[in-house]
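Raw contents of upload.txt, compact mmCIF, C-alpha atoms:
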# COMPACT_ATOMS: atom_id res chain seq x y z
CA MET R 29 144.70 76.51 155.53
CA LYS R 30 147.20 79.31 155.00
CA LYS R 31 146.50 79.40 151.23
CA LEU R 32 142.73 79.37 151.84
CA GLY R 33 143.17 82.29 154.21
CA ILE R 34 145.07 84.21 151.52
CA ILE R 35 142.30 83.53 148.99
CA ILE R 36 139.64 84.64 151.47
CA LEU R 37 141.66 87.80 152.19
CA VAL R 38 141.93 88.52 148.47
CA CYS R 39 138.19 87.94 148.08
CA LEU R 40 137.54 90.39 150.93
CA CYS R 41 139.78 92.98 149.24
CA VAL R 42 137.99 92.46 145.96
CA THR R 43 134.66 92.74 147.76
CA PHE R 44 135.77 96.01 149.39
CA SER R 45 136.93 97.29 146.00
CA ASN R 46 133.64 96.27 144.41
CA ALA R 47 131.82 98.14 147.15
CA GLN R 48 133.23 101.30 145.63
CA LYS R 49 131.72 100.31 142.27
CA LYS R 50 128.18 100.81 141.15
CA THR R 51 126.19 97.61 141.49
CA ILE R 52 123.27 96.57 139.33
CA THR R 53 120.96 93.68 140.13
CA LEU R 54 119.38 92.04 137.14
CA SER R 55 116.29 89.90 136.94
CA LEU R 56 115.52 87.90 133.82
CA GLU R 57 112.82 90.40 132.82
CA SER R 58 115.03 93.46 133.33
CA THR R 59 117.86 91.79 131.40
CA ILE R 60 115.59 91.19 128.41
CA GLU R 61 114.19 94.73 128.65
CA LEU R 62 117.67 96.28 128.74
CA ALA R 63 118.83 94.12 125.81
CA CYS R 64 115.85 95.08 123.64
CA ASP R 65 116.20 98.76 124.51
CA SER R 66 119.90 99.57 124.87
CA SER R 67 122.04 96.84 123.32
CA LEU R 68 124.08 97.57 120.21
CA GLU R 69 122.29 94.70 118.48
CA ALA R 70 118.96 96.42 119.18
CA PHE R 71 120.28 99.65 117.64
CA ARG R 72 121.45 97.71 114.59
CA ILE R 73 118.16 95.97 113.90
CA GLN R 74 116.18 99.16 114.52
CA ASN R 75 118.27 101.02 111.97
CA SER R 76 117.94 98.13 109.52
CA TYR R 77 114.18 98.33 109.90
CA TRP R 78 114.16 102.10 109.36
CA ILE R 79 116.18 101.65 106.16
CA SER R 80 113.52 99.24 104.88
CA SER R 81 110.78 101.61 106.04
CA TRP R 82 112.31 104.52 104.12
CA GLN R 83 112.73 102.32 101.04
CA TYR R 84 109.03 101.52 101.18
CA THR R 85 108.24 105.22 101.69
CA VAL R 86 110.26 106.05 98.57
CA TYR R 87 108.37 103.35 96.65
CA LYS R 88 105.01 104.81 97.73
CA ALA R 89 106.17 108.33 96.89
CA ASN R 90 107.16 107.22 93.38
CA ARG R 91 103.54 106.21 92.81
CA LEU R 92 102.39 109.80 93.46
CA PRO R 93 102.65 112.83 91.17
CA SER R 94 106.02 114.58 91.37
CA LEU R 95 106.65 118.27 90.75
CA PHE R 96 110.03 119.48 89.47
CA LEU R 97 111.45 122.94 88.91
CA GLU R 98 114.45 123.01 86.57
CA LEU R 99 116.46 126.22 86.23
CA THR R 100 119.49 127.17 84.18
CA PRO R 101 120.21 130.75 85.32
CA GLY R 102 122.76 131.33 82.60
CA GLU R 103 124.88 129.74 79.86
CA TYR R 104 127.41 131.79 77.89
CA TYR R 105 128.77 130.57 74.54
CA ARG R 106 131.67 131.98 72.51
CA ASN R 107 132.56 129.70 69.63
CA ILE R 108 132.75 129.33 65.86
CA ILE R 109 129.75 127.75 64.16
CA LYS R 110 129.01 126.64 60.62
CA ARG R 111 126.31 128.58 58.77
CA TYR R 112 124.96 128.44 55.22
CA ASP R 113 125.55 131.61 53.17
CA TYR R 114 122.77 132.08 50.59
CA ASN R 115 124.73 134.68 48.61
CA SER R 116 127.74 132.43 48.01
CA ASN R 117 125.77 129.18 48.18
CA MET R 118 128.26 127.60 50.56
CA ASP R 119 128.84 126.86 54.25
CA VAL R 120 130.93 129.41 56.08
CA TYR R 121 132.27 129.55 59.63
CA ARG R 122 131.36 132.55 61.72
CA PRO R 123 132.15 133.57 65.30
CA GLN R 124 129.20 133.64 67.67
CA GLN R 125 128.57 134.89 71.18
CA SER R 126 125.35 134.16 72.99
CA PHE R 127 123.78 134.04 76.42
CA GLU R 128 120.91 131.74 77.32
CA ALA R 129 118.77 131.21 80.42
CA ARG R 130 116.04 128.60 80.87
CA GLY R 131 113.43 127.64 83.39
CA GLY R 132 110.79 124.93 83.45
CA LEU R 133 108.12 123.37 85.66
CA SER R 134 107.05 119.75 85.23
CA ILE R 135 104.55 117.36 86.83
CA ASN R 136 105.12 113.63 86.28
CA GLN R 137 102.93 110.66 87.15
CA ASN R 138 104.09 107.07 86.71
CA PHE R 139 101.51 104.62 85.36
CA ASP R 140 102.16 101.20 86.92
CA TRP R 141 99.92 99.10 84.70
CA LEU R 142 101.53 100.08 81.38
CA GLY R 143 104.91 101.16 82.74
CA GLY R 144 104.77 104.63 81.20
CA THR R 145 104.81 108.20 82.48
CA PHE R 146 102.28 111.01 82.07
CA PHE R 147 103.70 114.52 82.19
CA ILE R 148 102.57 118.13 82.12
CA ASN R 149 105.19 120.83 81.77
CA SER R 150 105.84 124.44 80.97
CA ASP R 151 109.09 126.22 80.17
CA LEU R 152 110.57 129.53 79.08
CA THR R 153 113.91 130.24 77.38
CA TYR R 154 115.70 133.58 77.02
CA ASN R 155 118.40 133.91 74.32
CA ARG R 156 120.62 136.92 73.65
CA ASN R 157 122.91 136.81 70.62
CA PHE R 158 125.89 139.21 70.39
CA GLY R 159 128.09 140.29 67.48
CA ASP R 160 127.24 141.66 64.03
CA ASN R 161 123.75 140.18 64.17
CA THR R 162 122.54 141.11 67.64
CA TYR R 163 119.08 140.02 68.69
CA THR R 164 117.01 138.88 71.67
CA GLN R 165 114.48 136.07 71.62
CA PHE R 166 112.06 134.53 74.10
CA THR R 167 110.78 130.99 73.48
CA SER R 168 107.86 129.77 75.56
CA VAL R 169 105.92 126.56 76.02
CA PRO R 170 103.06 127.66 78.30
CA PHE R 171 101.49 124.22 78.42
CA ARG R 172 102.36 120.75 77.19
CA ILE R 173 100.83 117.38 78.13
CA GLY R 174 102.17 114.04 77.03
CA TYR R 175 102.80 110.39 77.66
CA GLN R 176 105.84 108.16 77.05
CA GLN R 177 106.57 104.50 77.57
CA SER R 178 108.29 101.42 76.21
CA LEU R 179 105.74 99.35 74.29
CA ILE R 180 107.39 95.93 74.51
CA GLY R 181 110.19 96.62 76.97
CA PHE R 182 110.58 95.79 80.63
CA ASN R 183 107.97 97.30 82.99
CA SER R 184 109.82 97.97 86.24
CA PHE R 185 106.76 99.62 87.85
CA LYS R 186 104.73 96.39 87.64
CA TRP R 187 107.42 94.37 89.40
CA GLU R 188 108.01 97.03 92.05
CA LYS R 189 104.30 96.83 92.89
CA LYS R 190 104.71 93.11 93.58
CA ILE R 191 108.09 93.14 95.32
CA GLU R 192 108.28 96.31 97.43
CA PRO R 193 105.24 95.61 99.68
CA LEU R 194 106.58 92.08 100.22
CA LYS R 195 110.01 93.46 101.15
CA PHE R 196 108.46 95.80 103.73
CA LYS R 197 106.33 92.98 105.12
CA LYS R 198 109.49 90.91 105.51
CA ALA R 199 111.23 93.84 107.25
CA LYS R 200 108.43 94.08 109.83
CA LYS R 201 108.53 90.34 110.48
CA GLN R 202 112.34 90.46 110.62
CA LEU R 203 112.20 93.21 113.26
CA ILE R 204 109.98 91.09 115.52
CA TYR R 205 112.12 88.01 114.85
CA ASP R 206 115.35 89.86 115.69
CA ILE R 207 113.89 91.31 118.89
CA GLU R 208 112.88 87.82 120.00
CA ASN R 209 116.38 86.62 119.14
CA ILE R 210 117.84 89.41 121.29
CA SER R 211 115.66 88.20 124.16
CA ALA R 212 116.95 84.65 123.67
CA VAL R 213 120.60 85.75 123.59
CA ALA R 214 120.16 87.96 126.67
CA SER R 215 118.46 85.08 128.52
CA ASN R 216 121.35 82.80 127.60
CA TYR R 217 123.88 85.30 129.01
CA PHE R 218 121.75 85.66 132.16
CA PHE R 219 121.71 81.92 132.86
CA GLN R 220 125.41 81.66 132.01
CA ILE R 221 126.03 83.88 135.03
CA ALA R 222 123.76 81.69 137.15
CA MET R 223 125.64 78.55 136.07
CA ALA R 224 129.04 80.18 136.53
CA GLN R 225 128.05 81.45 139.98
CA GLU R 226 126.88 77.98 141.02
CA GLU R 227 130.06 76.38 139.71
CA TYR R 228 132.12 78.95 141.61
CA ASN R 229 130.22 78.24 144.85
CA LEU R 230 130.73 74.50 144.41
CA ALA R 231 134.43 75.00 143.67
CA LEU R 232 134.81 77.20 146.75
CA GLU R 233 133.04 74.64 148.95
CA ASN R 234 135.18 71.86 147.47
CA THR R 235 138.33 73.88 148.21
CA LYS R 236 137.29 74.30 151.85
CA ASN R 237 136.62 70.57 152.16
CA MET R 238 139.97 69.68 150.58
CA ASP R 239 141.75 72.07 152.98
CA THR R 240 140.03 70.36 155.91
CA LEU R 241 140.90 66.87 154.64
CA TYR R 242 144.50 67.87 153.96
CA SER R 243 144.85 69.41 157.46
CA ILE R 244 143.54 66.21 159.04
CA ALA R 245 145.91 64.18 156.90
CA LEU R 246 148.87 66.30 158.06
CA GLU R 247 147.94 65.62 161.71
CA ARG R 248 147.60 61.92 160.99
CA ALA R 249 150.96 61.89 159.24
CA LYS R 250 152.61 63.08 162.46
CA ILE R 251 151.52 59.87 164.14
CA VAL R 252 152.18 57.77 161.02
CA ALA R 253 148.45 57.04 160.64
CA ILE R 254 148.48 57.71 156.91
CA SER R 255 150.87 56.72 154.15
CA GLN R 256 152.92 59.25 152.24
CA THR R 257 151.22 58.14 149.04
CA ASP R 258 147.77 58.97 150.40
CA LEU R 259 149.10 62.27 151.76
CA GLN R 260 150.50 63.25 148.37
CA THR R 261 147.23 62.23 146.72
CA LEU R 262 145.29 64.54 149.06
CA ARG R 263 147.82 67.29 148.43
CA LEU R 264 147.31 66.89 144.66
CA ASP R 265 143.50 66.86 145.08
CA ARG R 266 143.79 70.06 147.13
CA LEU R 267 145.89 71.70 144.42
CA ASN R 268 143.36 70.65 141.74
CA ALA R 269 140.57 72.11 143.85
CA TYR R 270 142.37 75.48 143.96
CA ASN R 271 142.89 75.36 140.20
CA SER R 272 139.21 74.57 139.69
CA LEU R 273 138.31 77.52 141.94
CA GLU R 274 140.48 79.88 139.93
CA ASN R 275 138.97 78.62 136.64
CA ALA R 276 135.46 78.98 138.05
CA ASN R 277 136.26 82.54 139.12
CA ILE R 278 137.54 83.35 135.62
CA ASN R 279 134.41 81.82 134.04
CA LEU R 280 132.22 83.89 136.37
CA LYS R 281 134.05 87.09 135.43
CA ARG R 282 133.78 86.20 131.74
CA ALA R 283 130.03 85.55 132.06
CA LYS R 284 129.53 88.91 133.77
CA PHE R 285 131.65 90.68 131.18
CA ASN R 286 129.61 89.09 128.36
CA ILE R 287 126.30 90.33 129.71
CA VAL R 288 127.66 93.79 130.52
CA SER R 289 129.07 94.07 126.99
CA TYR R 290 125.89 92.79 125.35
CA LEU R 291 123.61 95.10 127.35
CA ASN R 292 125.87 98.07 126.54
CA ILE R 293 126.24 99.20 130.15
CA ASP R 294 129.29 100.59 131.95
CA LYS R 295 132.13 98.07 132.20
CA ASP R 296 132.84 99.15 135.82
CA VAL R 297 129.36 98.13 136.99
CA GLU R 298 129.26 95.03 139.20
CA VAL R 299 126.47 92.67 138.13
CA SER R 300 124.39 90.41 140.34
CA ILE R 301 121.32 88.44 139.34
CA ILE R 302 118.03 87.32 140.82
CA LEU R 303 116.90 83.95 139.53
CA PRO R 304 113.27 83.73 138.38
CA ASP R 305 110.68 81.41 139.86
CA HIS R 306 109.90 78.10 138.21
CA PRO R 307 107.94 78.80 135.01
CA LYS R 308 104.44 77.48 134.54
CA THR R 309 104.28 74.36 132.40
CA PHE R 310 102.42 74.52 129.13
CA SER R 311 102.30 72.65 125.84
CA ILE R 312 102.78 73.87 122.27
CA PRO R 313 100.91 71.83 119.65
CA ILE R 314 103.06 71.09 116.62
CA GLU R 315 100.27 72.14 114.22
CA LYS R 316 99.99 75.55 115.88
CA ALA R 317 103.76 76.01 115.92
CA LEU R 318 103.99 75.19 112.21
CA LYS R 319 101.16 77.60 111.40
CA GLU R 320 102.80 80.41 113.39
CA ALA R 321 106.14 79.75 111.69
CA GLN R 322 104.54 79.88 108.24
CA ASN R 323 102.77 83.16 109.07
CA ASN R 324 105.57 84.96 110.91
CA ASN R 325 108.97 83.58 109.92
CA PRO R 326 110.70 86.22 107.75
CA SER R 327 112.72 83.56 105.91
CA LEU R 328 109.60 82.25 104.15
CA ILE R 329 108.72 85.77 102.98
CA GLY R 330 112.35 86.12 101.89
CA TYR R 331 112.02 83.03 99.71
CA LYS R 332 108.95 84.51 98.00
CA GLN R 333 110.79 87.81 97.52
CA ASN R 334 113.81 86.02 96.03
CA ILE R 335 111.59 84.12 93.58
CA LEU R 336 109.81 87.32 92.49
CA GLU R 337 113.12 89.14 92.02
CA ASN R 338 114.43 86.31 89.85
CA GLN R 339 111.17 86.26 87.88
CA ARG R 340 111.63 89.98 87.31
CA THR R 341 115.14 89.37 85.98
CA VAL R 342 113.87 86.63 83.66
CA ASP R 343 111.18 88.95 82.33
CA GLN R 344 113.70 91.76 81.84
CA LYS R 345 116.28 89.60 80.03
CA HIS R 346 113.60 87.99 77.85
CA LYS R 347 112.24 91.33 76.66
CA GLU R 348 115.71 92.74 76.16
CA SER R 349 116.43 89.83 73.82
CA LEU R 350 113.51 90.91 71.57
CA PHE R 351 113.13 94.14 69.64
CA ASN R 352 112.18 97.18 71.67
CA ALA R 353 109.65 99.84 70.75
CA SER R 354 109.16 103.11 72.59
CA PHE R 355 106.30 105.56 72.21
CA TYR R 356 106.20 109.30 72.87
CA ALA R 357 103.28 111.67 72.35
CA SER R 358 102.74 115.26 73.48
CA MET R 359 100.41 118.14 72.72
CA GLY R 360 100.78 121.75 73.71
CA PHE R 361 101.46 125.31 72.63
CA ASN R 362 104.56 127.35 71.98
CA GLN R 363 105.69 130.71 70.67
CA ALA R 364 108.87 132.69 69.96
CA ALA R 365 109.16 136.48 70.11
CA SER R 366 111.63 139.27 70.64
CA ARG R 367 109.83 140.50 73.76
CA PHE R 368 108.62 138.64 76.83
CA SER R 369 105.07 139.99 76.59
CA LEU R 370 104.75 138.70 73.02
CA ALA R 371 106.06 135.22 73.87
CA TYR R 372 102.66 134.27 75.33
CA GLN R 373 100.47 135.76 72.59
CA ASP R 374 99.12 134.12 69.43
CA LEU R 375 100.26 130.70 70.63
CA MET R 376 100.90 127.99 68.07
CA ARG R 377 100.06 124.31 68.40
CA GLN R 378 102.93 121.98 69.17
CA ASP R 379 102.21 118.28 68.52
CA VAL R 380 104.77 115.49 68.73
CA LEU R 381 104.18 111.81 67.98
CA SER R 382 107.15 109.48 67.97
CA LEU R 383 107.61 105.72 67.62
CA LYS R 384 111.11 104.31 68.01
CA ILE R 385 112.06 100.69 67.30
CA THR R 386 115.35 99.03 68.23
CA VAL R 387 116.11 95.56 66.84
CA PRO R 388 119.20 93.61 68.02
CA LEU R 389 120.73 91.97 64.96
CA VAL R 390 124.07 90.53 66.05
CA ASP R 391 125.15 90.30 69.71
CA TRP R 392 127.00 86.96 69.59
CA GLY R 393 124.59 85.29 72.00
CA VAL R 394 124.96 87.82 74.85
CA ARG R 395 121.22 88.38 75.36
CA LYS R 396 120.43 84.69 75.03
CA GLY R 397 123.11 83.82 77.55
CA GLU R 398 121.85 86.39 80.06
CA TYR R 399 118.30 85.10 79.62
CA ASN R 400 119.37 81.48 80.21
CA MET R 401 121.36 82.47 83.30
CA ALA R 402 118.32 84.29 84.65
CA LYS R 403 116.14 81.18 84.14
CA ASN R 404 118.70 78.98 85.91
CA ASN R 405 118.89 81.42 88.83
CA LEU R 406 115.10 81.29 89.05
CA ASN R 407 115.21 77.48 89.20
CA ILE R 408 117.80 77.68 92.00
CA ALA R 409 115.63 80.18 93.91
CA GLU R 410 112.58 77.92 93.65
CA ILE R 411 114.54 74.86 94.80
CA SER R 412 116.11 76.82 97.67
CA ALA R 413 112.67 78.02 98.74
CA LYS R 414 111.34 74.46 98.83
CA GLN R 415 114.35 73.22 100.77
CA GLY R 416 114.09 76.15 103.18
CA GLU R 417 110.43 75.47 103.87
CA GLU R 418 111.12 71.80 104.55
CA SER R 419 114.09 72.69 106.77
CA LEU R 420 112.00 75.18 108.73
CA GLU R 421 109.25 72.61 109.26
CA GLU R 422 111.77 70.06 110.51
CA ASP R 423 113.43 72.64 112.77
CA VAL R 424 110.07 73.56 114.32
CA MET R 425 109.25 69.92 115.07
CA MET R 426 112.70 69.27 116.56
CA THR R 427 112.45 72.43 118.68
CA ILE R 428 109.05 71.35 120.02
CA ALA R 429 110.42 67.89 120.83
CA ASP R 430 113.40 69.42 122.66
CA PHE R 431 111.05 71.77 124.52
CA GLU R 432 108.96 68.83 125.75
CA ILE R 433 112.12 67.06 127.00
CA GLN R 434 113.25 70.18 128.86
CA LYS R 435 109.78 70.61 130.31
CA LYS R 436 109.77 67.05 131.68
CA GLY R 437 113.19 67.61 133.20
CA LEU R 438 111.97 70.80 134.87
CA VAL R 439 108.92 69.03 136.32
CA THR R 440 111.07 66.29 137.87
CA THR R 441 113.33 68.85 139.59
CA GLN R 442 110.48 70.74 141.26

Represent the structure from my file as structure tokens, please.
Amino acid sequence: MKKLGIIILVCLCVTFSNAQKKTITLSLESTIELACDSSLEAFRIQNSYWISSWQYTVYKANRLPSLFLELTPGEYYRNIIKRYDYNSNMDVYRPQQSFEARGGLSINQNFDWLGGTFFINSDLTYNRNFGDNTYTQFTSVPFRIGYQQSLIGFNSFKWEKKIEPLKFKKAKKQLIYDIENISAVASNYFFQIAMAQEEYNLALENTKNMDTLYSIALERAKIVAISQTDLQTLRLDRLNAYNSLENANINLKRAKFNIVSYLNIDKDVEVSIILPDHPKTFSIPIEKALKEAQNNNPSLIGYKQNILENQRTVDQKHKESLFNASFYASMGFNQAASRFSLAYQDLMRQDVLSLKITVPLVDWGVRKGEYNMAKNNLNIAEISAKQGEESLEEDVMMTIADFEIQKKGLVTTQ
């Protein structure tokens, strides 16, 4: 009884100390709301979603015309260059000093279907040459329109059009999935407190009962109405009860610390909970659960994304193993003059048409090896997707079966 009195006194001191602390009472709904709004995990998944959102915004922006201004305010050269001397019919080296400034404006538009880029640009260059032969020259390109692309090479725009919307769709599903997971974790922490509190109450009640039994046994021992063996057994049971009480108290503190840490609230706040009412019973058809999982589970979208990304790599490595041909064409006007006003008069046509072919002759099997690795990775991705879909279907059915068992157990306890 003396030890129980000490424990009760300590509990009263702790209670008085806790009275000085801020107390928060949590219901299941408020716990879930706090977790989804203020937990560090919620901040993490929100930022992950915004990263994906900005990636998709960048993808959409790359499909729109882009306007660039490129300026080189000044470049100064002082060097020795090689020039041809007509009088001596030989190359001679001469010192040269020059200053150059350039500016240009360009509009680009990517063309997804072919993988090329349309462009319209204009630029102006100022050049001042110093030394024995001093002169000033302006070179202008008032207008130039053109198109460039790889004819047989890898078309990254086409694959981005397939993959990027799927990635953003996955990110939106992942956000909902992670929020629901936060709710599940917060609910688990909430009911851990409820279980720990109940275990503590049982341990405290058991300690009181063992104190009472041990006190009675001591009185009976005075009149030799109980053996020393039974008395020692009761004494050991009483000691075990105190140990169980201390462990239950530690578990209760740990459960409260876990929920305080997860909800990202002040560590000095004392937490108490209000248990919810019995939930209404309902059934979840397996067919509906499977359909919802197929439509909303981000893992299935991730499998499709992984397959597309591997297909893109296969396409890229295959085309890199062949010869590559690039095409460039532009049409515009240009002029050069010693004065700025003359640089935009009597413009001359500027036409460029270029076809470039690159043929790999000897690479010791590097391209073939990369292509074969890409195909094998695609096979692995397809197999993993099939296994993942089967695993998800099995997990859904097992979860529904477990839910029905828990529901029956809840009905019997009401």

### Task
Rank nothing, just name the residue among R:Asp294, R:Glu98, R:Asp113, R:Asp65 nearest to R:Ala129, using all atoms listed in the file.
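Closest to R:Ala129, using all atoms listed in the file: R:Glu98.
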
Could you name the residues that touch R:Glu348 at 8 Å or less, counting all atoms listed in the file, but leaving out those on the same chain fewer than 3 positions away, as a JSON list (two decimals) with C-alpha atoms, keeping the file's coordinate frame?
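Final output, saved to selection14.json:
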[["chain", "number", "residue", "atom", "x", "y", "z"],
["R", 181, "GLY", "CA", 110.19, 96.62, 76.97],
["R", 182, "PHE", "CA", 110.58, 95.79, 80.63],
["R", 344, "GLN", "CA", 113.70, 91.76, 81.84],
["R", 345, "LYS", "CA", 116.28, 89.60, 80.03],
["R", 351, "PHE", "CA", 113.13, 94.14, 69.64],
["R", 352, "ASN", "CA", 112.18, 97.18, 71.67],
["R", 395, "ARG", "CA", 121.22, 88.38, 75.36]]

### Message
I need the residue nearest R:Phe368 from this list: R:Ala231, R:Pro313, R:Ser289, R:Thr167. Use all atoms listed in the file for the distance.
### Response
R:Thr167

Could I get the residues of stretch 138-224 of chain R with an atom no further than 9 Å from an atom of stretch 318-338 of chain R, each paired with its nearest atom pair and that distance in Å to one decimal, using only C-alpha atoms, sorted by chain and residue number, as JSON lines?
{"residue": "R:Trp187", "atom": "CA", "partner": "R:Leu336", "partner_atom": "CA", "distance": 8.1}
{"residue": "R:Lys190", "atom": "CA", "partner": "R:Leu336", "partner_atom": "CA", "distance": 7.8}
{"residue": "R:Ile191", "atom": "CA", "partner": "R:Gln333", "partner_atom": "CA", "distance": 6.4}
{"residue": "R:Glu192", "atom": "CA", "partner": "R:Gln333", "partner_atom": "CA", "distance": 8.9}
{"residue": "R:Leu194", "atom": "CA", "partner": "R:Gln333", "partner_atom": "CA", "distance": 6.6}
{"residue": "R:Lys195", "atom": "CA", "partner": "R:Gln333", "partner_atom": "CA", "distance": 6.8}
{"residue": "R:Lys197", "atom": "CA", "partner": "R:Ile329", "partner_atom": "CA", "distance": 7.9}
{"residue": "R:Lys198", "atom": "CA", "partner": "R:Pro326", "partner_atom": "CA", "distance": 5.3}
{"residue": "R:Ala199", "atom": "CA", "partner": "R:Pro326", "partner_atom": "CA", "distance": 7.7}
{"residue": "R:Lys200", "atom": "CA", "partner": "R:Pro326", "partner_atom": "CA", "distance": 8.4}
{"residue": "R:Lys201", "atom": "CA", "partner": "R:Pro326", "partner_atom": "CA", "distance": 5.4}
{"residue": "R:Gln202", "atom": "CA", "partner": "R:Pro326", "partner_atom": "CA", "distance": 5.4}
{"residue": "R:Ile204", "atom": "CA", "partner": "R:Asn324", "partner_atom": "CA", "distance": 8.8}
{"residue": "R:Tyr205", "atom": "CA", "partner": "R:Asn325", "partner_atom": "CA", "distance": 7.3}

### Message
What's around R:Asn229 at 10 Å? Count only C-alpha atoms, leave out sequence neighbours fewer than 4 positions away in its own chain, and write the answer as an MDAnalysis selection string.
### Response
chainID R and resid 223:225 233:235 273 276:277

Selection file, C-alpha atoms, as an mmCIF file, in the frame of the given file:
data_model
loop_
_atom_site.group_PDB
_atom_site.id
_atom_site.type_symbol
_atom_site.label_atom_id
_atom_site.label_comp_id
_atom_site.auth_asym_id
_atom_site.auth_seq_id
_atom_site.Cartn_x
_atom_site.Cartn_y
_atom_site.Cartn_z
ATOM 1 C CA MET R 223 125.640 78.550 136.070
ATOM 2 C CA ALA R 224 129.040 80.180 136.530
ATOM 3 C CA GLN R 225 128.050 81.450 139.980
ATOM 4 C CA GLU R 233 133.040 74.640 148.950
ATOM 5 C CA ASN R 234 135.180 71.860 147.470
ATOM 6 C CA THR R 235 138.330 73.880 148.210
ATOM 7 C CA LEU R 273 138.310 77.520 141.940
ATOM 8 C CA ALA R 276 135.460 78.980 138.050
ATOM 9 C CA ASN R 277 136.260 82.540 139.120
#

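Distance annotation: of R:Gln256, R:Val213, R:Asn292, R:Thr341, the residue with the minimal separation from R:Tyr399 is R:Thr341; atom set is all atoms listed in the file.
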
### Task
Pick out the residues sitting within 6 Å of stretch 173-178 of chain R, and hand them over as a list in words; count all atoms listed in the file, and ignore anything fewer than 4 positions along from it in its own chain.
Gly144, Thr145, Phe146, Phe147, Ile148, Ala353, Ser354, Phe355, Tyr356, Ala357, Ser358 and Met359 of chain R

Those same residues, written as a tab-separated table (two decimals), in the coordinates of the input with C-alpha atoms?
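Produced file again.tsv, reproduced below:
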chain	number	residue	atom	x	y	z
R	144	GLY	CA	104.77	104.63	81.20
R	145	THR	CA	104.81	108.20	82.48
R	146	PHE	CA	102.28	111.01	82.07
R	147	PHE	CA	103.70	114.52	82.19
R	148	ILE	CA	102.57	118.13	82.12
R	353	ALA	CA	109.65	99.84	70.75
R	354	SER	CA	109.16	103.11	72.59
R	355	PHE	CA	106.30	105.56	72.21
R	356	TYR	CA	106.20	109.30	72.87
R	357	ALA	CA	103.28	111.67	72.35
R	358	SER	CA	102.74	115.26	73.48
R	359	MET	CA	100.41	118.14	72.72

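Nearest-residue note for R:Thr386: choosing from R:Arg72, R:Lys347, R:Lys295, R:His306, the minimum distance belongs to R:Lys347, counting all atoms listed in the file.
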
### Query
Near R:Ser243, counting all atoms listed in the file, which residues have an atom at most 12 Å away, once you skip same-chain residues fewer than 2 positions from it, shown as a list in words?
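In the requested form, the answer reads Met29, Lys30, Lys31, Leu32, Lys236, Asn237, Met238, Asp239, Thr240, Leu241, Ala245, Leu246, Glu247, Arg248, Ala249, Lys250, Leu259, Leu262, Arg263 and Arg266 of chain R.
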
### Query
For the point (113.7, 120.7, 91.4) in file coordinates, what residues are within 10 Å, counting all atoms listed in the file? Give the answer as a ChimeraX atom specification?
/R:94-99,132-134
